[in-house]
$ cat model-v3.txt   # compact mmCIF, C-alpha atoms and all ligand atoms
# COMPACT_ATOMS: atom_id res chain seq x y z
CA MET A 473 83.47 194.74 27.59
CA LEU A 474 85.07 197.96 28.82
CA ARG A 475 88.56 197.64 30.33
CA HIS A 476 87.35 198.89 33.74
CA GLU A 477 84.61 196.25 33.65
CA LEU A 478 87.26 193.56 33.16
CA LEU A 479 89.21 194.94 36.12
CA GLY A 480 86.00 195.06 38.18
CA HIS A 481 85.25 191.41 37.39
CA LEU A 482 88.77 190.41 38.43
CA HIS A 483 88.37 192.25 41.75
CA ARG A 484 85.06 190.45 42.36
CA LEU A 485 86.25 187.00 41.31
CA LEU A 486 89.69 187.07 42.90
CA GLU A 487 88.81 188.98 46.09
CA PRO A 488 92.47 190.05 46.30
CA ARG A 489 93.90 190.57 49.79
CA SER A 490 96.07 193.36 48.34
CA TYR A 491 95.82 195.59 45.26
CA LEU A 492 98.54 197.76 43.75
CA GLU A 493 97.67 200.42 41.19
CA ILE A 494 100.22 202.40 39.19
CA GLY A 495 98.56 205.44 37.57
CA VAL A 496 95.51 206.75 39.44
CA SER A 497 94.50 209.99 37.68
CA ASP A 498 90.96 210.86 38.86
CA GLY A 499 90.53 207.52 40.64
CA ARG A 500 88.08 205.71 38.37
CA SER A 501 89.93 202.38 38.43
CA LEU A 502 90.70 202.88 42.13
CA THR A 503 86.97 202.95 42.96
CA LEU A 504 86.84 199.24 42.04
CA SER A 505 89.03 198.19 44.98
CA ARG A 506 87.56 196.96 48.28
CA THR A 507 90.79 195.67 49.76
CA GLN A 508 94.11 196.88 51.18
CA THR A 509 95.43 199.11 48.42
CA VAL A 510 98.55 201.00 47.49
CA ALA A 511 98.04 203.44 44.61
CA ILE A 512 100.80 205.52 43.04
CA ASP A 513 100.66 208.61 40.85
CA PRO A 514 102.84 211.75 40.91
CA ALA A 515 99.83 213.86 39.88
CA PHE A 516 96.68 212.13 41.15
CA LYS A 517 93.51 214.21 41.33
CA VAL A 518 90.97 211.84 42.80
CA THR A 519 87.41 213.05 42.32
CA SER A 520 85.39 209.91 43.20
CA GLU A 521 84.60 208.28 46.52
CA VAL A 522 87.10 205.51 47.27
CA GLN A 523 86.00 202.55 49.44
CA CYS A 524 89.20 200.75 50.35
CA ASP A 525 91.97 200.78 52.94
CA LEU A 526 94.27 203.03 50.94
CA HIS A 527 97.84 204.28 50.91
CA LEU A 528 97.77 206.88 48.14
CA VAL A 529 101.29 207.79 47.11
CA ARG A 530 102.21 211.02 45.34
CA ALA A 531 105.38 209.85 43.58
CA THR A 532 106.45 208.22 40.36
CA SER A 533 106.45 204.44 40.39
CA ASP A 534 110.27 204.43 40.15
CA GLU A 535 110.53 206.68 43.23
CA PHE A 536 108.04 204.48 45.05
CA PHE A 537 109.86 201.21 44.39
CA ALA A 538 113.19 202.79 45.40
CA ARG A 539 111.81 203.26 48.95
CA THR A 540 112.71 200.91 51.79
CA ASN A 541 109.82 198.50 52.30
CA PRO A 542 107.48 200.26 49.84
CA LEU A 543 104.57 197.90 50.54
CA ALA A 544 104.62 198.36 54.33
CA HIS A 545 100.89 199.23 54.13
CA PHE A 546 100.12 195.58 53.34
CA ARG A 547 100.05 192.85 55.98
CA ARG A 548 102.65 191.01 53.89
CA PRO A 549 104.67 192.62 51.07
CA VAL A 550 102.77 190.63 48.43
CA VAL A 551 100.51 191.94 45.67
CA ASP A 552 97.56 189.68 44.81
CA LEU A 553 96.26 191.94 42.01
CA ALA A 554 98.14 194.74 40.22
CA PHE A 555 96.98 197.25 37.62
CA ILE A 556 99.76 198.92 35.63
CA ASP A 557 98.44 202.12 34.03
CA GLY A 558 101.12 204.77 34.69
CA MET A 559 103.46 206.39 32.18
CA HIS A 560 102.49 205.03 28.76
CA LEU A 561 106.00 204.56 27.39
CA SER A 562 107.30 201.03 26.93
CA GLU A 563 110.48 201.43 28.99
CA TYR A 564 108.48 202.74 31.99
CA THR A 565 105.84 200.02 31.75
CA LEU A 566 108.48 197.31 31.47
CA ARG A 567 110.17 198.69 34.61
CA ASP A 568 106.80 198.82 36.36
CA PHE A 569 106.26 195.16 35.54
CA MET A 570 109.75 194.19 36.76
CA ASN A 571 109.22 196.09 40.02
CA VAL A 572 105.73 194.70 40.62
CA GLU A 573 106.80 191.12 39.87
CA ARG A 574 109.28 191.25 42.78
CA TYR A 575 106.26 191.41 45.13
CA THR A 576 104.19 188.61 43.63
CA THR A 577 103.51 184.95 44.27
CA PRO A 578 102.71 182.54 41.41
CA ALA A 579 99.01 183.13 42.23
CA SER A 580 99.22 186.90 41.70
CA VAL A 581 97.53 188.51 38.69
CA ILE A 582 99.00 191.51 36.85
CA VAL A 583 96.81 193.57 34.51
CA PHE A 584 98.11 196.21 32.08
CA ASP A 585 95.91 198.92 30.61
CA ASP A 586 96.04 200.36 27.08
CA MET A 587 98.05 197.52 25.56
CA LEU A 588 96.16 197.33 22.25
CA PRO A 589 96.11 200.68 20.43
CA ARG A 590 93.53 201.14 17.68
CA THR A 591 95.70 203.31 15.45
CA VAL A 592 99.34 204.16 14.87
CA ASP A 593 98.61 207.71 16.08
CA GLU A 594 97.26 206.38 19.39
CA ALA A 595 100.51 204.41 19.83
CA ALA A 596 102.81 207.41 19.29
CA ARG A 597 105.38 208.03 22.00
CA ASP A 598 104.79 211.77 21.68
CA ARG A 599 101.10 212.09 22.49
CA ILE A 600 98.98 213.47 19.64
CA THR A 601 95.56 211.92 20.42
CA LYS A 602 92.99 212.36 23.21
CA MET A 603 92.94 208.63 24.05
CA TRP A 604 96.59 207.55 24.29
CA THR A 605 98.16 204.12 24.61
CA GLY A 606 101.70 205.13 23.76
CA ASP A 607 103.96 202.24 22.76
CA VAL A 608 103.33 200.03 25.80
CA TYR A 609 102.09 197.21 23.51
CA LYS A 610 105.80 196.42 23.04
CA VAL A 611 106.01 195.20 26.63
CA MET A 612 103.70 192.26 25.90
CA GLN A 613 105.82 191.36 22.88
CA ALA A 614 108.96 191.46 25.07
CA LEU A 615 107.35 189.31 27.78
CA GLN A 616 106.08 186.75 25.29
CA LYS A 617 109.55 186.50 23.72
CA HIS A 618 111.80 186.63 26.78
CA ARG A 619 109.60 185.17 29.52
CA PRO A 620 108.00 182.02 28.12
CA ASP A 621 107.47 180.88 31.71
CA LEU A 622 104.69 183.49 32.08
CA LEU A 623 101.13 183.07 30.87
CA ALA A 624 100.86 186.49 29.17
CA PHE A 625 98.02 187.42 26.81
CA ASN A 626 96.03 190.31 25.39
CA VAL A 627 92.33 190.82 26.04
CA ASP A 628 89.92 192.39 23.55
CA THR A 629 88.51 195.11 25.83
CA GLN A 630 87.12 198.48 24.75
CA PRO A 631 88.11 201.07 23.85
CA THR A 632 91.75 199.98 24.06
CA GLY A 633 92.91 196.45 24.80
CA THR A 634 94.21 195.09 28.08
CA SER A 635 96.91 192.53 28.88
CA VAL A 636 97.06 190.01 31.70
CA VAL A 637 100.09 188.22 33.09
CA LEU A 638 99.67 185.06 35.15
CA VAL A 639 102.10 182.85 37.07
CA PRO A 640 104.61 185.64 37.76
CA ASP A 641 107.93 184.73 39.38
CA ALA A 642 109.34 187.09 42.00
CA THR A 643 112.74 185.43 41.70
CA ALA A 644 113.07 185.52 37.89
CA PRO A 645 116.30 187.29 36.88
CA GLY A 646 115.71 187.30 33.07
CA LEU A 647 114.46 190.81 32.37
CA THR A 648 116.98 192.73 34.49
CA GLU A 649 119.82 191.32 32.40
CA LYS A 650 118.01 192.14 29.15
CA TYR A 651 116.54 195.51 30.17
CA ASP A 652 119.08 197.80 28.41
CA ASP A 653 118.92 195.81 25.15
CA LEU A 654 115.12 195.80 25.26
CA VAL A 655 114.99 199.57 25.77
CA GLU A 656 117.30 200.06 22.82
CA GLU A 657 114.93 197.97 20.67
CA MET A 658 111.72 199.54 21.97
CA VAL A 659 112.57 203.23 22.11
CA VAL A 660 112.35 204.45 18.51
CA ASP A 661 111.06 207.65 16.94
CA ASP A 662 107.44 208.07 15.85
CA PRO A 663 105.57 206.94 13.90
CA GLN A 664 105.68 203.53 15.58
CA ASP A 665 105.64 200.46 13.37
CA VAL A 666 102.68 198.88 15.16
CA PRO A 667 102.27 195.26 14.00
CA THR A 668 99.02 194.48 12.17
CA GLU A 669 98.32 191.70 14.64
CA VAL A 670 98.27 194.30 17.43
CA LEU A 671 96.02 196.72 15.52
CA GLU A 672 93.70 193.89 14.43
CA ARG A 673 93.79 192.26 17.89
CA LYS A 674 94.67 188.84 16.50
CA HIS A 675 94.83 186.28 19.34
CA ALA A 676 93.24 188.75 21.81
CA VAL A 677 91.05 186.82 24.24
CA ASP A 678 87.30 187.48 24.46
CA PRO A 679 86.83 189.18 27.87
CA GLU A 680 83.38 187.60 28.40
CA LYS A 681 84.88 184.11 28.05
CA LEU A 682 87.81 185.09 30.24
CA VAL A 683 85.69 186.22 33.19
CA ALA A 684 83.38 183.21 32.80
CA SER A 685 86.31 180.88 33.50
CA PRO A 686 86.13 178.93 36.78
CA ALA A 687 89.90 179.49 37.10
CA TRP A 688 89.67 182.78 39.02
CA GLU A 689 87.71 181.57 42.03
CA ARG A 690 89.84 178.41 42.22
CA LEU A 691 92.97 180.56 42.02
CA ALA A 692 91.75 182.66 44.96
CA GLN A 693 91.11 179.51 47.01
CA LEU A 694 94.58 178.15 46.23
CA ARG A 695 96.17 181.52 47.03
CA ASN A 696 94.41 181.77 50.39
CA ARG A 697 95.70 178.43 51.67
CA LEU A 698 98.33 178.88 54.32
CA ARG A 699 101.03 176.88 52.50
CA PRO A 700 102.90 178.98 49.91
CA THR A 701 101.50 178.37 46.45
CA ASN A 702 103.96 177.14 43.86
CA ALA A 703 104.01 177.80 40.13
CA SER A 704 103.33 174.21 39.09
CA GLN A 705 100.14 174.11 41.23
CA VAL A 706 98.93 177.31 39.56
CA ARG A 707 99.77 176.07 36.06
CA SER A 708 97.93 172.78 36.74
CA LEU A 709 94.90 174.74 37.94
CA PHE A 710 94.89 176.82 34.74
CA ARG A 711 95.19 173.68 32.60
CA ALA A 712 92.47 171.83 34.52
CA THR A 713 90.01 174.72 34.23
CA GLY A 714 90.65 175.24 30.49
CA LEU A 715 92.14 178.71 31.01
CA THR A 716 95.49 177.79 29.41
CA GLU A 717 93.71 176.69 26.25
CA LEU A 718 91.42 179.75 26.23
CA VAL A 719 94.36 182.18 26.33
CA GLY A 720 96.44 180.20 23.84
CA GLY A 721 99.15 179.25 26.35
C1 LIG B 1 95.71 206.75 32.20
S1 LIG B 1 95.96 207.59 33.70
C2 LIG B 1 95.44 206.41 34.90
C3 LIG B 1 93.97 206.13 34.84
C4 LIG B 1 93.42 205.26 35.94
N1 LIG B 1 94.23 204.07 36.18
C5 LIG B 1 92.04 204.80 35.56
O1 LIG B 1 91.91 203.83 34.81
O2 LIG B 1 91.06 205.42 36.03
C6 LIG B 1 97.68 207.56 33.83
C7 LIG B 1 98.22 208.22 35.09
O3 LIG B 1 99.59 207.82 35.21
C8 LIG B 1 100.24 208.83 35.90
N2 LIG B 1 101.68 208.70 35.70
C9 LIG B 1 102.47 209.31 34.78
N3 LIG B 1 103.75 208.96 34.96
C10 LIG B 1 103.78 208.13 36.02
C11 LIG B 1 104.80 207.44 36.72
N4 LIG B 1 106.08 207.55 36.32
N5 LIG B 1 104.49 206.68 37.79
C12 LIG B 1 103.19 206.57 38.19
N6 LIG B 1 102.16 207.19 37.57
C13 LIG B 1 102.46 207.96 36.50
C14 LIG B 1 99.66 210.12 35.34
O4 LIG B 1 99.82 211.19 36.28
C15 LIG B 1 98.22 209.73 35.08
O5 LIG B 1 97.36 210.23 36.10
$ encode --input "model-v3.txt" --output "structure tokens"
Amino acid sequence: MLRHELLGHLHRLLEPRSYLEIGVSDGRSLTLSRTQTVAIDPAFKVTSEVQCDLHLVRATSDEFFARTNPLAHFRRPVVDLAFIDGMHLSEYTLRDFMNVERYTTPASVIVFDDMLPRTVDEAARDRITKMWTGDVYKVMQALQKHRPDLLAFNVDTQPTGTSVVLVPDATAPGLTEKYDDLVEEMVVDDPQDVPTEVLERKHAVDPEKLVASPAWERLAQLRNRLRPTNASQVRSLFRATGLTELVGG
């Protein structure tokens, strides 16, 4: 399954009330949205028809999140579905995650693009290939190590792999304290020492099985209830529907 197909399935299954996209380029992923949307890119050049209620921001994601009330376009400052596909360097993508997480509920879903490079060249920090993942795969390693509360997993999409984070916590302090140490670990000269398990996609979830899970529609129902959703309800839902087992959580 192509990575945009996975994103399209998640839009359809989750029917998010709000969608945040970091990294727009020509707008191909943006065309999948049918909901209130904020999309950020300092150099967007949208060439396709877009069919959503859109605030298109010409700024870097850091500039955007430094604004007062950046998500004023949404009815509530909450992101139901996010797609992180901006600057493909691990320190930027980690910051994007930290900033997005502040605007989530436990029922929000965060998707990262280009998280499973196919070659060491594709993962270089200094771009040398046409398709480029950069070293953003390191963000998933950092989340799996330092945020065991998250359900964070890779998905075997084509051509590059995708990652999904579930049960985010807008109040979690953990990564802010560790950010400088993580950047020191992650930012190293090329060539990157990409782990074999990343290149071989060990433990990456089959996207067909992922989208066939009944968890997504149940998650949308839970999210849409008026009472605020809590993390233990979401985790129970994922266990009951078999999603936790499928993603190796
Ligand atoms: C891979 S493209 C996005 C593709 C698009 N999401 C899609 O799938 O159709 C990455 C985009 O990130 C943008 N970008 C680079 N640095 C950024 C930053 N700091 N904040 C937000 N976007 C950034 C680039 O201008 C580029 O258009």
$ residues_around --input "model-v3.txt" --residues "Leu615 (chain A)" --least-positions-apart "6" --cutoff "12 Å" --atoms "only C-alpha atoms" --output "PyMOL selection string"
chain A and resi 562+565-567+569-570+608-609+621-626+635-638+640+646-647+650-651+654
$ write_last_selection --input "model-v3.txt" --atoms "C-alpha atoms" --output "PDB file, keeping the file's coordinate frame"
ATOM      1  CA  SER A 562     107.300 201.030  26.930  1.00  0.00           C
ATOM      2  CA  THR A 565     105.840 200.020  31.750  1.00  0.00           C
ATOM      3  CA  LEU A 566     108.480 197.310  31.470  1.00  0.00           C
ATOM      4  CA  ARG A 567     110.170 198.690  34.610  1.00  0.00           C
ATOM      5  CA  PHE A 569     106.260 195.160  35.540  1.00  0.00           C
ATOM      6  CA  MET A 570     109.750 194.190  36.760  1.00  0.00           C
ATOM      7  CA  VAL A 608     103.330 200.030  25.800  1.00  0.00           C
ATOM      8  CA  TYR A 609     102.090 197.210  23.510  1.00  0.00           C
ATOM      9  CA  ASP A 621     107.470 180.880  31.710  1.00  0.00           C
ATOM     10  CA  LEU A 622     104.690 183.490  32.080  1.00  0.00           C
ATOM     11  CA  LEU A 623     101.130 183.070  30.870  1.00  0.00           C
ATOM     12  CA  ALA A 624     100.860 186.490  29.170  1.00  0.00           C
ATOM     13  CA  PHE A 625      98.020 187.420  26.810  1.00  0.00           C
ATOM     14  CA  ASN A 626      96.030 190.310  25.390  1.00  0.00           C
ATOM     15  CA  SER A 635      96.910 192.530  28.880  1.00  0.00           C
ATOM     16  CA  VAL A 636      97.060 190.010  31.700  1.00  0.00           C
ATOM     17  CA  VAL A 637     100.090 188.220  33.090  1.00  0.00           C
ATOM     18  CA  LEU A 638      99.670 185.060  35.150  1.00  0.00           C
ATOM     19  CA  PRO A 640     104.610 185.640  37.760  1.00  0.00           C
ATOM     20  CA  GLY A 646     115.710 187.300  33.070  1.00  0.00           C
ATOM     21  CA  LEU A 647     114.460 190.810  32.370  1.00  0.00           C
ATOM     22  CA  LYS A 650     118.010 192.140  29.150  1.00  0.00           C
ATOM     23  CA  TYR A 651     116.540 195.510  30.170  1.00  0.00           C
ATOM     24  CA  LEU A 654     115.120 195.800  25.260  1.00  0.00           C
TER      25      LEU A 654
END
$ residues_around --input "model-v3.txt" --residues "His527 (chain A)" --least-positions-apart "2" --cutoff "12 Å" --atoms "all atoms listed in the file" --output "PyMOL selection string"
chain A and resi 490-493+496+502+507-513+522+524-525+529-531+536+542-546
$ residues_near_point --input "model-v3.txt" --point "(82.5, 196.9, 27.2)" --cutoff "6 Å" --atoms "all atoms listed in the file" --output "number ranges by chain"
A: 473-474, 630
$ write_last_selection --input "model-v3.txt" --atoms "C-alpha atoms" --output "mmCIF file, in the frame of the given file"
data_model
loop_
_atom_site.group_PDB
_atom_site.id
_atom_site.type_symbol
_atom_site.label_atom_id
_atom_site.label_comp_id
_atom_site.auth_asym_id
_atom_site.auth_seq_id
_atom_site.Cartn_x
_atom_site.Cartn_y
_atom_site.Cartn_z
ATOM 1 C CA MET A 473 83.470 194.740 27.590
ATOM 2 C CA LEU A 474 85.070 197.960 28.820
ATOM 3 C CA GLN A 630 87.120 198.480 24.750
#
$ closest_residue --input "model-v3.txt" --among "A:Leu694, A:Val518, A:Ile494, A:Ala554" --to "Glu535 (chain A)" --atoms "all atoms listed in the file"
A:Ile494
$ atom_distance --input "model-v3.txt" --atom1 "CA of Pro549 (chain A)" --atom2 "CA of Arg475 (chain A)"
26.7 Å
$ closest_residue --input "model-v3.txt" --among "A:Arg506, A:Leu561, A:Asn541, A:Asp552" --to "ligand LIG 1 (chain B)" --atoms "only C-alpha atoms and all ligand atoms"
A:Leu561
$ residues_near_ligand --input "model-v3.txt" --ligand "ligand LIG 1 (chain B)" --cutoff "6 Å" --atoms "all atoms listed in the file" --output "PyMOL selection string"
chain A and resi 494-497+499-501+512-516+532-533+557-559
$ closest_residue --input "model-v3.txt" --among "A:Gln664, A:Thr643, A:Ser505, A:Ser704" --to "Val592 (chain A)" --atoms "all atoms listed in the file"
A:Gln664
$ closest_residue --input "model-v3.txt" --among "A:Ala684, A:Glu717, A:Asp598, A:Val572" --to "Val659 (chain A)" --atoms "only C-alpha atoms"
A:Asp598
$ atom_distance --input "model-v3.txt" --atom1 "CA of Leu553 (chain A)" --atom2 "CA of Ile582 (chain A)"
5.9 Å
$ closest_residue --input "model-v3.txt" --among "A:Ala579, A:Gln523, A:Ala595, A:Arg590" --to "Leu709 (chain A)" --atoms "only C-alpha atoms"
A:Ala579
$ residues_around --input "model-v3.txt" --residues "Ala692 (chain A)" --least-positions-apart "2" --cutoff "9 Å" --atoms "all atoms listed in the file" --output "list in words"
Leu485, Leu486, Glu487, Pro488, Ala579, Ala687, Trp688, Glu689, Arg690, Leu694, Arg695, Asn696 and Arg697 of chain A
$ residues_around --input "model-v3.txt" --residues "Glu669 (chain A)" --least-positions-apart "2" --cutoff "12 Å" --atoms "all atoms listed in the file" --output "PDB file with C-alpha atoms, keeping the file's coordinate frame"
ATOM      1  CA  LEU A 588      96.160 197.330  22.250  1.00  0.00           C
ATOM      2  CA  PRO A 589      96.110 200.680  20.430  1.00  0.00           C
ATOM      3  CA  ARG A 590      93.530 201.140  17.680  1.00  0.00           C
ATOM      4  CA  THR A 591      95.700 203.310  15.450  1.00  0.00           C
ATOM      5  CA  TYR A 609     102.090 197.210  23.510  1.00  0.00           C
ATOM      6  CA  GLN A 613     105.820 191.360  22.880  1.00  0.00           C
ATOM      7  CA  ASN A 626      96.030 190.310  25.390  1.00  0.00           C
ATOM      8  CA  ASP A 665     105.640 200.460  13.370  1.00  0.00           C
ATOM      9  CA  VAL A 666     102.680 198.880  15.160  1.00  0.00           C
ATOM     10  CA  PRO A 667     102.270 195.260  14.000  1.00  0.00           C
ATOM     11  CA  LEU A 671      96.020 196.720  15.520  1.00  0.00           C
ATOM     12  CA  GLU A 672      93.700 193.890  14.430  1.00  0.00           C
ATOM     13  CA  ARG A 673      93.790 192.260  17.890  1.00  0.00           C
ATOM     14  CA  LYS A 674      94.670 188.840  16.500  1.00  0.00           C
ATOM     15  CA  HIS A 675      94.830 186.280  19.340  1.00  0.00           C
ATOM     16  CA  ALA A 676      93.240 188.750  21.810  1.00  0.00           C
TER      17      ALA A 676
END
$ closest_residue --input "model-v3.txt" --among "A:Asn571, A:Thr632, A:Thr576, A:Thr540" --to "Asn702 (chain A)" --atoms "all atoms listed in the file"
A:Thr576
$ atom_distance --input "model-v3.txt" --atom1 "CA of His476 (chain A)" --atom2 "CA of Asp585 (chain A)"
9.1 Å
$ residues_around --input "model-v3.txt" --residues "Phe584 (chain A)" --least-positions-apart "5" --cutoff "6 Å" --atoms "only C-alpha atoms" --output "PyMOL selection string"
chain A and resi 555-556+634-635
$ decode --input "model-v3.txt" --residues "region 534-546 of chain A" --atoms "C-alpha atoms" --output "CSV table (one decimal), in the first residue's frame"
chain,number,residue,atom,x,y,z
A,534,ASP,CA,8.5,26.3,14.4
A,535,GLU,CA,7.3,29.8,13.4
A,536,PHE,CA,3.7,28.5,13.2
A,537,PHE,CA,3.7,27.0,16.7
A,538,ALA,CA,5.4,30.1,18.2
A,539,ARG,CA,2.2,32.1,17.2
A,540,THR,CA,-0.4,33.0,19.8
A,541,ASN,CA,-3.3,30.6,19.4
A,542,PRO,CA,-1.9,28.9,16.2
A,543,LEU,CA,-5.0,26.6,15.8
A,544,ALA,CA,-7.6,29.4,15.9
A,545,HIS,CA,-8.9,28.1,12.6
A,546,PHE,CA,-10.3,25.1,14.4
